[in-house]
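Undergrad: The following file, protein_13.txt, comprises compact mmCIF, C-alpha atoms:
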# COMPACT_ATOMS: atom_id res chain seq x y z
CA MET P 1 4.98 -65.43 -2.54
CA ALA P 2 6.55 -62.20 -1.38
CA ARG P 3 5.77 -61.22 2.12
CA ALA P 4 4.30 -57.77 2.66
CA THR P 5 6.28 -55.48 4.90
CA THR P 6 5.25 -52.34 6.70
CA LYS P 7 7.58 -49.39 6.21
CA LYS P 8 8.50 -47.46 9.29
CA PRO P 9 8.07 -43.69 9.08
CA GLY P 10 11.40 -42.09 8.29
CA THR P 11 12.96 -38.68 8.07
CA ALA P 12 11.32 -37.96 4.70
CA VAL P 13 7.85 -38.31 6.22
CA ALA P 14 8.76 -36.06 9.12
CA ASN P 15 10.14 -33.45 6.71
CA TRP P 16 6.95 -33.49 4.64
CA ASP P 17 4.87 -33.02 7.79
CA GLU P 18 6.95 -30.00 8.69
CA GLU P 19 6.68 -28.50 5.20
CA LEU P 20 2.92 -29.13 5.03
CA ALA P 21 2.48 -27.50 8.42
CA LYS P 22 4.24 -24.38 7.12
CA GLN P 23 2.07 -24.34 3.99
CA ALA P 24 -1.04 -24.77 6.15
CA GLU P 25 -0.08 -21.60 8.04
CA VAL P 26 0.38 -19.76 4.75
CA ALA P 27 -2.99 -20.96 3.43
CA ALA P 28 -4.76 -19.86 6.61
CA ALA P 29 -3.03 -16.48 6.51
CA VAL P 30 -4.07 -15.99 2.89
CA GLU P 31 -7.72 -16.57 3.77
CA ALA P 32 -7.41 -14.16 6.68
CA ASN P 33 -6.16 -11.46 4.29
CA THR P 34 -8.56 -12.14 1.41
CA GLY P 35 -10.72 -9.24 0.28
CA GLY P 36 -8.33 -6.34 0.27
CA GLY P 37 -5.92 -4.82 2.71
CA GLN P 38 -4.89 -1.79 4.66
CA PHE P 39 -2.70 0.74 2.90
CA PHE P 40 0.08 3.09 3.85
CA SER P 41 -0.74 6.45 2.28
CA VAL P 42 1.69 9.06 0.94
CA LYS P 43 -1.01 11.50 -0.15
CA GLY P 44 0.21 15.08 -0.05
CA GLY P 45 3.70 13.94 0.90
CA ILE P 46 2.56 12.75 4.35
CA LEU P 47 3.32 9.12 5.22
CA GLN P 48 0.29 7.74 7.06
CA PHE P 49 -1.11 4.42 8.19
CA ASP P 50 -4.78 4.00 9.05
CA GLY P 51 -5.14 7.78 8.88
CA ALA P 52 -2.38 8.50 11.38
CA PRO P 53 0.78 10.36 10.26
CA LEU P 54 4.00 8.49 11.08
CA PRO P 55 6.70 10.30 13.10
CA GLY P 56 9.45 11.72 10.94
CA ASN P 57 7.56 10.74 7.78
CA GLN P 58 9.38 7.39 7.86
CA VAL P 59 8.96 3.74 8.81
CA ALA P 60 11.09 0.58 8.98
CA VAL P 61 9.63 -2.38 7.07
CA VAL P 62 10.26 -5.63 5.28
CA ILE P 63 9.07 -5.41 1.67
CA VAL P 64 7.76 -8.96 1.40
CA ASP P 65 6.62 -8.59 -2.23
CA SER P 66 5.95 -6.07 -5.00
CA ILE P 67 4.17 -6.07 -8.35
CA ILE P 68 3.62 -3.77 -11.31
CA GLU P 69 0.29 -1.93 -11.15
CA TYR P 70 -1.38 0.03 -13.96
CA THR P 71 -4.39 2.27 -13.29
CA TYR P 72 -6.54 4.38 -15.57
CA TYR P 73 -9.14 6.86 -14.29
CA GLU P 74 -11.84 8.52 -16.31
CA GLY P 75 -12.69 12.17 -15.74
CA ASP P 76 -10.97 14.74 -13.56
CA TYR P 77 -9.53 13.87 -10.16
CA ASP P 78 -11.83 14.86 -7.30
CA PRO P 79 -10.26 14.45 -3.82
CA ASP P 80 -13.68 14.77 -2.18
CA ASN P 81 -15.17 11.97 -4.27
CA PRO P 82 -12.59 9.16 -4.61
CA GLN P 83 -13.25 6.60 -7.32
CA ILE P 84 -11.83 3.22 -8.21
CA PRO P 85 -9.93 2.99 -11.52
CA ALA P 86 -11.94 2.51 -14.70
CA ALA P 87 -9.24 0.05 -15.77
CA TYR P 88 -6.42 -1.56 -13.80
CA ALA P 89 -3.90 -4.35 -14.14
CA PHE P 90 -1.39 -6.23 -11.99
CA GLY P 91 1.56 -8.39 -12.95
CA ARG P 92 5.29 -9.01 -12.88
CA ASP P 93 6.13 -8.74 -16.58
CA GLU P 94 5.23 -5.66 -18.62
CA GLU P 95 5.11 -7.76 -21.78
CA THR P 96 2.29 -10.00 -20.54
CA ILE P 97 0.16 -7.83 -18.23
CA ARG P 98 -3.50 -7.63 -19.25
CA TRP P 99 -6.20 -5.29 -17.99
CA HIS P 100 -8.22 -6.92 -15.20
CA GLU P 101 -11.55 -8.47 -16.08
CA ASN P 102 -13.27 -5.91 -13.83
CA SER P 103 -12.01 -3.06 -16.02
CA ILE P 104 -14.37 -1.26 -18.40
CA PRO P 105 -15.30 -3.45 -21.40
CA GLU P 106 -13.20 -1.37 -23.79
CA TYR P 107 -10.02 -2.65 -22.16
CA ALA P 108 -10.87 -5.72 -20.04
CA GLY P 109 -8.55 -8.60 -20.99
CA GLU P 110 -6.49 -6.56 -23.46
CA LEU P 111 -2.69 -6.57 -23.35
CA CYS P 112 -1.70 -3.38 -21.56
CA LYS P 113 1.30 -2.76 -23.80
CA ASP P 114 -1.04 -2.59 -26.84
CA SER P 115 -3.62 -0.25 -25.26
CA ASP P 116 -3.95 3.32 -26.47
CA ILE P 117 -4.06 4.58 -22.85
CA ASN P 118 -0.64 3.04 -22.18
CA GLN P 119 1.15 4.89 -24.98
CA TRP P 120 3.32 7.98 -24.55
CA GLY P 121 1.34 11.05 -25.54
CA SER P 122 -2.03 9.56 -24.58
CA ALA P 123 -2.46 11.83 -21.54
CA GLU P 124 -4.91 14.70 -21.95
CA THR P 125 -2.08 17.14 -21.27
CA GLY P 126 1.63 16.75 -21.84
CA ARG P 127 3.55 13.84 -23.34
CA GLY P 128 2.78 11.28 -20.64
CA LYS P 129 0.49 8.26 -20.54
CA ALA P 130 -3.22 8.29 -19.77
CA CYS P 131 -2.71 5.32 -17.44
CA LYS P 132 -0.34 5.40 -14.48
CA ASN P 133 2.48 2.83 -14.34
CA SER P 134 3.17 2.24 -10.67
CA ARG P 135 4.10 -0.41 -8.10
CA ARG P 136 2.11 -2.04 -5.31
CA LEU P 137 4.25 -3.06 -2.35
CA ALA P 138 3.39 -5.57 0.38
CA LEU P 139 4.93 -4.56 3.71
CA ILE P 140 5.40 -5.82 7.26
CA PRO P 141 6.46 -3.22 9.85
CA ALA P 142 9.94 -4.00 11.16
CA GLY P 143 10.37 -1.06 13.51
CA SER P 144 9.06 2.37 14.38
CA TYR P 145 10.56 5.82 14.73
CA ASN P 146 9.71 8.16 17.59
CA ALA P 147 9.38 11.93 17.38
CA LYS P 148 13.14 12.31 17.96
CA GLY P 149 13.97 10.04 15.05
CA ASP P 150 15.13 7.13 17.21
CA LEU P 151 14.40 3.71 15.70
CA GLU P 152 12.94 0.86 17.75
CA MET P 153 13.34 -2.44 15.88
CA PHE P 154 11.31 -5.64 16.28
CA ASP P 155 14.15 -7.87 15.11
CA ASP P 156 14.17 -10.17 18.14
CA ASP P 157 10.44 -10.96 17.93
CA GLU P 158 9.88 -13.78 15.44
CA GLU P 159 6.18 -13.96 16.33
CA HIS P 160 5.75 -10.37 15.15
CA PHE P 161 7.00 -11.27 11.67
CA ARG P 162 4.83 -14.39 11.53
CA LYS P 163 1.57 -12.82 12.66
CA THR P 164 1.51 -9.07 11.92
CA PRO P 165 -0.99 -8.35 9.10
CA ILE P 166 0.49 -7.45 5.74
CA ALA P 167 -0.14 -3.86 4.68
CA PHE P 168 0.26 -2.33 1.23
CA MET P 169 1.54 0.81 -0.42
CA LYS P 170 0.94 2.17 -3.90
CA LEU P 171 3.95 4.13 -5.10
CA PRO P 172 3.53 7.44 -6.91
CA VAL P 173 4.66 7.18 -10.51
CA THR P 174 7.49 9.62 -9.78
CA SER P 175 8.97 7.23 -7.16
CA VAL P 176 8.93 4.05 -9.28
CA LYS P 177 12.36 4.68 -10.79
CA GLY P 178 13.85 5.16 -7.33
CA TYR P 179 12.35 1.88 -6.14
CA SER P 180 13.68 0.06 -9.19
CA THR P 181 17.16 1.43 -8.49
CA PHE P 182 16.89 0.34 -4.84
CA VAL P 183 15.98 -3.24 -5.82
CA LYS P 184 18.92 -3.44 -8.24
CA GLN P 185 21.34 -2.06 -5.65
CA VAL P 186 20.21 -4.56 -2.99
CA SER P 187 20.55 -7.39 -5.49
CA GLY P 188 23.96 -6.31 -6.72
CA ALA P 189 25.60 -5.29 -3.44
CA LEU P 190 23.99 -7.70 -0.98
CA ARG P 191 22.79 -10.46 -3.32
CA ARG P 192 19.38 -10.36 -1.67
CA PRO P 193 15.84 -9.53 -2.78
CA PRO P 194 13.91 -6.75 -0.99
CA HIS P 195 12.43 -9.31 1.44
CA GLY P 196 15.97 -10.19 2.55
CA VAL P 197 16.65 -6.81 4.19
CA PHE P 198 15.15 -4.36 6.65
CA THR P 199 14.23 -1.20 4.72
CA ARG P 200 13.65 2.40 5.75
CA ILE P 201 10.90 4.06 3.73
CA SER P 202 10.72 7.84 3.96
CA VAL P 203 8.79 10.58 2.18
CA VAL P 204 10.69 13.78 1.43
CA PRO P 205 9.92 17.05 -0.40
CA ASP P 206 10.96 17.29 -4.03
CA PRO P 207 11.05 20.57 -6.01
CA LYS P 208 9.92 18.95 -9.27
CA THR P 209 7.31 16.43 -8.10
CA GLN P 210 6.29 17.89 -4.69
CA PHE P 211 7.52 14.76 -2.85
CA LYS P 212 9.27 11.43 -3.37
CA VAL P 213 9.28 8.08 -1.60
CA LEU P 214 12.83 6.96 -0.76
CA PHE P 215 14.20 3.51 0.15
CA GLU P 216 17.28 2.74 2.25
CA VAL P 217 18.72 -0.56 3.51
CA LEU P 218 18.96 -0.69 7.29
CA ASP P 219 20.47 -4.16 7.61
CA LYS P 220 20.24 -7.73 6.40
CA ILE P 221 17.49 -9.81 7.99
CA PRO P 222 19.16 -12.36 10.31
CA ASN P 223 18.87 -16.03 9.39
CA GLU P 224 16.78 -16.84 12.47
CA LEU P 225 13.99 -14.61 11.09
CA MET P 226 14.19 -15.68 7.45
CA GLY P 227 11.88 -18.69 7.92
CA ALA P 228 9.08 -16.40 9.11
CA VAL P 229 9.80 -13.81 6.42
CA MET P 230 9.84 -16.40 3.62
CA GLN P 231 6.47 -17.67 4.81
CA ARG P 232 5.07 -14.13 4.62
CA HIS P 233 6.65 -13.67 1.18
CA THR P 234 4.74 -16.72 -0.07
CA GLU P 235 1.57 -15.39 1.55
CA ALA P 236 2.04 -11.95 -0.04
CA GLU P 237 2.54 -13.48 -3.50
CA ALA P 238 -0.86 -15.14 -3.14
CA ILE P 239 -2.82 -12.05 -2.08
CA ILE P 240 -1.08 -8.97 -3.47
CA GLU P 241 -3.14 -8.88 -6.67
CA PHE P 242 -6.46 -8.39 -4.89
CA PRO P 243 -8.74 -6.31 -7.16
CA TYR P 244 -10.27 -2.93 -6.58
CA THR P 245 -13.83 -3.17 -5.31
CA PRO P 246 -16.65 -0.62 -5.61
CA MET P 247 -16.71 1.68 -2.59
CA GLU P 248 -19.52 0.92 -0.20
CA GLU P 249 -21.88 3.78 0.30
CA ALA P 250 -22.55 4.63 3.92
CA PRO P 251 -26.15 5.64 4.79
CA ALA P 252 -26.56 9.30 3.95
CA LYS P 253 -27.17 11.55 6.95
CA PRO P 254 -29.43 14.59 6.56
CA ALA P 255 -27.38 17.77 6.60
CA ARG P 256 -28.51 21.24 7.53
CA GLY P 257 -30.98 22.59 5.05
CA GLY P 258 -32.39 19.13 4.33
CA ARG P 259 -29.68 18.07 1.88
CA ALA P 260 -28.17 14.63 2.40
CA ALA P 261 -24.46 14.53 3.22
CA PRO P 262 -22.28 12.77 0.65
CA ALA P 263 -21.62 9.12 1.38
CA LYS P 264 -18.17 8.20 2.64
CA PRO P 265 -16.26 5.06 1.70
CA ALA P 266 -16.21 2.40 4.39
CA ARG P 267 -12.88 1.97 6.14
CA GLY P 268 -11.23 -1.26 7.15
CA GLY P 269 -10.52 -2.33 10.69
CA ARG P 270 -7.49 -1.07 12.56
CA ALA P 271 -4.51 -3.37 12.58
CA ALA P 272 -3.14 -4.38 15.96
CA PRO P 273 -0.06 -2.30 16.81
CA ALA P 274 3.25 -4.13 16.60
CA LYS P 275 5.15 -4.69 19.81
CA LYS P 276 8.28 -2.70 20.47
CA THR P 277 11.33 -4.53 21.61
CA LYS P 278 14.91 -3.39 21.69
CA LYS P 279 16.83 -0.37 20.49
CA TYR P 280 18.45 -0.82 17.11
Go through the file and emit its structure as structure tokens.
TA:
Amino acid sequence: MARATTKKPGTAVANWDEELAKQAEVAAAVEANTGGGQFFSVKGGILQFDGAPLPGNQVAVVIVDSIIEYTYYEGDYDPDNPQIPAAYAFGRDEETIRWHENSIPEYAGELCKDSDINQWGSAETGRGKACKNSRRLALIPAGSYNAKGDLEMFDDDEEHFRKTPIAFMKLPVTSVKGYSTFVKQVSGALRRPPHGVFTRISVVPDPKTQFKVLFEVLDKIPNELMGAVMQRHTEAEAIIEFPYTPMEEAPAKPARGGRAAPAKPARGGRAAPAKKTKKY
């Protein structure tokens, strides 16, 4: 009769423990970010975060992920009464994207490429589309610019890249082509994806479209930071498709003359500022 033996833990077990520990951090981070996120805004050509304009209209980031985003709004745009899209969709392949289940019944679940609102000429004016074909980017700040335009990088602070909350940016339709070109250039020249480089994002005036969002490679991310960045890339992939949610109505306050003031959408909490380290 064969005698049972007890296997001693080897390198394979230790490696699995290490990998599982990394995935546990990702899972916990995903739960911490569930339910939406904070956004960089480029409204009016002003680059802002949490309502504060950024010096020089620019910021240094790591683009940890990006997806295609389609949005369709009903009615005229009213800046004083922001609305969520009547229909929206997220994905990575234009051939397979479907309108989100929370979209209006007319489109929910339908292939976007087959929808009447995603055809050229469907816009109420002009030859464009009724829905907007954009990109949603997931970003981690990698440095900050001061009023003089000097850049302070965080590239010697691994903890910053592991712990700083992921923020998001929705690109204007007129800047999507520029982003696509940037991704192709990084891939071709550096053989890296966007999350393999430090990127400068800036917003500049444009005579045809009022403003554009531009992308520029600052440098490759050093190998000693890639473990943290890859972890955040995995995290971003899991959360970037969070849906739009109905805006919460704040309690109306009586205004002068007895009329209630319009409700304002609730705002998210302020992200902790990233630490500054060395000059870049």
Undergrad: Show which residues sit within 9 Å of P:Ser103, as a list in words. Count all atoms listed in the file, and ignore same-chain residues fewer than 6 positions away.
TA: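 Once the nearby chain positions are removed, what remains is Pro85, Ala86, Ala87, Tyr88, Ala89 and Gly109 of chain P.
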Undergrad: Save out the residues we just selected, C-alpha atoms, as a PDB file, in the frame of the given file.
TA:
ATOM      1  CA  PRO P  85      -9.930   2.990 -11.520  1.00  0.00           C
ATOM      2  CA  ALA P  86     -11.940   2.510 -14.700  1.00  0.00           C
ATOM      3  CA  ALA P  87      -9.240   0.050 -15.770  1.00  0.00           C
ATOM      4  CA  TYR P  88      -6.420  -1.560 -13.800  1.00  0.00           C
ATOM      5  CA  ALA P  89      -3.900  -4.350 -14.140  1.00  0.00           C
ATOM      6  CA  GLY P 109      -8.550  -8.600 -20.990  1.00  0.00           C
TER       7      GLY P 109
END
Undergrad: List every protein, DNA or RNA residue that has at least one atom no more than 9 Å from (5.0, 7.2, -5.5) in the file's coordinates, counting all atoms listed in the file, and write the result as a ChimeraX atom specification.
TA: /P:42,134-135,169-176,211-213
Undergrad: For each of P:Ala123, P:Val61, P:Glu110, P:Glu101, take the minimum atom-to-atom distance to P:Asp219, counting all atoms listed in the file, then give the residue where this is smallest.
TA: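 Of all the options, P:Val61 lies closest to P:Asp219.
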Undergrad: Using atom CA of P:Asn133 and atom CA of P:Glu69 as the two end points, give the distance in Å to one decimal.
TA: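 According to the coordinates, atom CA of P:Asn133 and atom CA of P:Glu69 are separated by 6.1 Å.
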Undergrad: Once you count only C-alpha atoms, what closest atom pair and distance in Å to one decimal does each residue of stretch 97-141 of chain P within 10 Å of stretch 196-207 of chain P have, with rows by chain and rising residue number, as a tab-separated table?
TA:
residue	atom	partner	partner_atom	distance
P:Leu139	CA	P:Thr199	CA	9.9
P:Ile140	CA	P:Phe198	CA	9.9
P:Pro141	CA	P:Phe198	CA	9.3
Undergrad: In file coordinates, which residues lie within 12 Å of (12.7, 6.4, 12.1) using all atoms listed in the file, given as a PyMOL selection string?
TA: chain P and resi 47+54-61+141-153+199-203+216+218+279-280
Undergrad: One number please: atom CA of P:Ile84 to atom CA of P:His100, in Å, one decimal.
TA: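 These two atoms are separated by 12.8 Å.
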Undergrad: Rounded to one decimal in Å, what is the spacing between atom CA of P:Phe182 and atom CA of P:Leu214?
TA: 8.8 Å
Undergrad: Write out as a list in words each polymer residue whose atoms come within 7 Å of P:Ala236, counting all atoms listed in the file; drop sequence neighbours fewer than 6 positions from it.
TA: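 Everything that qualifies: Val64, Asp65 and Ala138 of chain P.
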Undergrad: With distances taken over only C-alpha atoms, which residue among P:Thr234, P:Val186, P:Ala167, P:His160 lies nearest P:Gln38?
TA: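 Going through P:Thr234, P:Val186, P:Ala167, P:His160 one by one, the smallest distance to P:Gln38 is for P:Ala167.
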Undergrad: Is it possible to add N, CA and C atoms to stretch 116-147 of chain P and hand it back as a PDB file, in the coordinates of the input?
TA:
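Below is the file selection12.pdb, written as the result:
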ATOM      1  N   ASP P 116      -4.202   1.920 -26.139  1.00  0.00           N
ATOM      2  CA  ASP P 116      -3.950   3.320 -26.470  1.00  0.00           C
ATOM      3  C   ASP P 116      -3.662   4.151 -25.226  1.00  0.00           C
ATOM      4  N   ILE P 117      -4.252   3.798 -24.077  1.00  0.00           N
ATOM      5  CA  ILE P 117      -4.060   4.580 -22.850  1.00  0.00           C
ATOM      6  C   ILE P 117      -2.709   4.331 -22.208  1.00  0.00           C
ATOM      7  N   ASN P 118      -1.960   3.342 -22.731  1.00  0.00           N
ATOM      8  CA  ASN P 118      -0.640   3.040 -22.180  1.00  0.00           C
ATOM      9  C   ASN P 118       0.474   3.446 -23.145  1.00  0.00           C
ATOM     10  N   GLN P 119       0.159   4.402 -24.022  1.00  0.00           N
ATOM     11  CA  GLN P 119       1.150   4.890 -24.980  1.00  0.00           C
ATOM     12  C   GLN P 119       1.568   6.312 -24.593  1.00  0.00           C
ATOM     13  N   TRP P 120       2.847   6.628 -24.819  1.00  0.00           N
ATOM     14  CA  TRP P 120       3.320   7.980 -24.550  1.00  0.00           C
ATOM     15  C   TRP P 120       2.560   8.975 -25.432  1.00  0.00           C
ATOM     16  N   GLY P 121       2.109  10.048 -24.821  1.00  0.00           N
ATOM     17  CA  GLY P 121       1.340  11.050 -25.540  1.00  0.00           C
ATOM     18  C   GLY P 121      -0.157  10.873 -25.415  1.00  0.00           C
ATOM     19  N   SER P 122      -0.591   9.818 -24.703  1.00  0.00           N
ATOM     20  CA  SER P 122      -2.030   9.560 -24.580  1.00  0.00           C
ATOM     21  C   SER P 122      -2.687  10.373 -23.458  1.00  0.00           C
ATOM     22  N   ALA P 123      -1.897  10.996 -22.600  1.00  0.00           N
ATOM     23  CA  ALA P 123      -2.460  11.830 -21.540  1.00  0.00           C
ATOM     24  C   ALA P 123      -3.146  13.043 -22.137  1.00  0.00           C
ATOM     25  N   GLU P 124      -4.162  13.552 -21.441  1.00  0.00           N
ATOM     26  CA  GLU P 124      -4.910  14.700 -21.950  1.00  0.00           C
ATOM     27  C   GLU P 124      -4.028  15.936 -22.073  1.00  0.00           C
ATOM     28  N   THR P 125      -3.026  16.034 -21.195  1.00  0.00           N
ATOM     29  CA  THR P 125      -2.080  17.140 -21.270  1.00  0.00           C
ATOM     30  C   THR P 125      -0.658  16.570 -21.185  1.00  0.00           C
ATOM     31  N   GLY P 126       0.250  17.180 -21.887  1.00  0.00           N
ATOM     32  CA  GLY P 126       1.630  16.750 -21.840  1.00  0.00           C
ATOM     33  C   GLY P 126       1.906  15.535 -22.708  1.00  0.00           C
ATOM     34  N   ARG P 127       3.104  14.966 -22.517  1.00  0.00           N
ATOM     35  CA  ARG P 127       3.550  13.840 -23.340  1.00  0.00           C
ATOM     36  C   ARG P 127       3.487  12.502 -22.595  1.00  0.00           C
ATOM     37  N   GLY P 128       2.838  12.491 -21.447  1.00  0.00           N
ATOM     38  CA  GLY P 128       2.780  11.280 -20.640  1.00  0.00           C
ATOM     39  C   GLY P 128       1.722  10.293 -21.093  1.00  0.00           C
ATOM     40  N   LYS P 129       1.480   9.290 -20.256  1.00  0.00           N
ATOM     41  CA  LYS P 129       0.490   8.260 -20.540  1.00  0.00           C
ATOM     42  C   LYS P 129      -0.820   8.557 -19.819  1.00  0.00           C
ATOM     43  N   ALA P 130      -1.914   8.123 -20.414  1.00  0.00           N
ATOM     44  CA  ALA P 130      -3.220   8.290 -19.770  1.00  0.00           C
ATOM     45  C   ALA P 130      -3.338   7.384 -18.554  1.00  0.00           C
ATOM     46  N   CYS P 131      -2.695   6.217 -18.597  1.00  0.00           N
ATOM     47  CA  CYS P 131      -2.710   5.320 -17.440  1.00  0.00           C
ATOM     48  C   CYS P 131      -1.420   5.522 -16.647  1.00  0.00           C
ATOM     49  N   LYS P 132      -1.490   5.234 -15.359  1.00  0.00           N
ATOM     50  CA  LYS P 132      -0.340   5.400 -14.480  1.00  0.00           C
ATOM     51  C   LYS P 132       0.371   4.059 -14.297  1.00  0.00           C
ATOM     52  N   ASN P 133       1.675   4.041 -14.519  1.00  0.00           N
ATOM     53  CA  ASN P 133       2.480   2.830 -14.340  1.00  0.00           C
ATOM     54  C   ASN P 133       3.168   2.918 -12.985  1.00  0.00           C
ATOM     55  N   SER P 134       2.694   2.121 -12.037  1.00  0.00           N
ATOM     56  CA  SER P 134       3.170   2.240 -10.670  1.00  0.00           C
ATOM     57  C   SER P 134       3.627   0.891 -10.118  1.00  0.00           C
ATOM     58  N   ARG P 135       3.771   0.822  -8.808  1.00  0.00           N
ATOM     59  CA  ARG P 135       4.100  -0.410  -8.100  1.00  0.00           C
ATOM     60  C   ARG P 135       3.200  -0.525  -6.878  1.00  0.00           C
ATOM     61  N   ARG P 136       2.792  -1.756  -6.570  1.00  0.00           N
ATOM     62  CA  ARG P 136       2.110  -2.040  -5.310  1.00  0.00           C
ATOM     63  C   ARG P 136       3.070  -2.856  -4.463  1.00  0.00           C
ATOM     64  N   LEU P 137       3.348  -2.379  -3.253  1.00  0.00           N
ATOM     65  CA  LEU P 137       4.250  -3.060  -2.350  1.00  0.00           C
ATOM     66  C   LEU P 137       3.482  -3.711  -1.211  1.00  0.00           C
ATOM     67  N   ALA P 138       3.935  -4.889  -0.788  1.00  0.00           N
ATOM     68  CA  ALA P 138       3.390  -5.570   0.380  1.00  0.00           C
ATOM     69  C   ALA P 138       4.421  -5.443   1.501  1.00  0.00           C
ATOM     70  N   LEU P 139       3.998  -4.940   2.647  1.00  0.00           N
ATOM     71  CA  LEU P 139       4.930  -4.560   3.710  1.00  0.00           C
ATOM     72  C   LEU P 139       4.544  -5.166   5.060  1.00  0.00           C
ATOM     73  N   ILE P 140       5.564  -5.480   5.846  1.00  0.00           N
ATOM     74  CA  ILE P 140       5.400  -5.820   7.260  1.00  0.00           C
ATOM     75  C   ILE P 140       6.230  -4.829   8.050  1.00  0.00           C
ATOM     76  N   PRO P 141       5.655  -4.131   9.035  1.00  0.00           N
ATOM     77  CA  PRO P 141       6.460  -3.220   9.850  1.00  0.00           C
ATOM     78  C   PRO P 141       7.591  -3.972  10.540  1.00  0.00           C
ATOM     79  N   ALA P 142       8.782  -3.376  10.518  1.00  0.00           N
ATOM     80  CA  ALA P 142       9.940  -4.000  11.160  1.00  0.00           C
ATOM     81  C   ALA P 142      10.484  -3.144  12.292  1.00  0.00           C
ATOM     82  N   GLY P 143       9.928  -1.962  12.461  1.00  0.00           N
ATOM     83  CA  GLY P 143      10.370  -1.060  13.510  1.00  0.00           C
ATOM     84  C   GLY P 143       9.626   0.255  13.398  1.00  0.00           C
ATOM     85  N   SER P 144       9.741   1.075  14.408  1.00  0.00           N
ATOM     86  CA  SER P 144       9.060   2.370  14.380  1.00  0.00           C
ATOM     87  C   SER P 144       9.996   3.460  14.871  1.00  0.00           C
ATOM     88  N   TYR P 145       9.783   4.654  14.340  1.00  0.00           N
ATOM     89  CA  TYR P 145      10.560   5.820  14.730  1.00  0.00           C
ATOM     90  C   TYR P 145       9.737   6.660  15.708  1.00  0.00           C
ATOM     91  N   ASN P 146      10.408   7.249  16.710  1.00  0.00           N
ATOM     92  CA  ASN P 146       9.710   8.160  17.590  1.00  0.00           C
ATOM     93  C   ASN P 146       9.887   9.594  17.091  1.00  0.00           C
ATOM     94  N   ALA P 147       9.350  10.536  17.819  1.00  0.00           N
ATOM     95  CA  ALA P 147       9.380  11.930  17.380  1.00  0.00           C
ATOM     96  C   ALA P 147      10.801  12.466  17.274  1.00  0.00           C
TER      97      ALA P 147
END
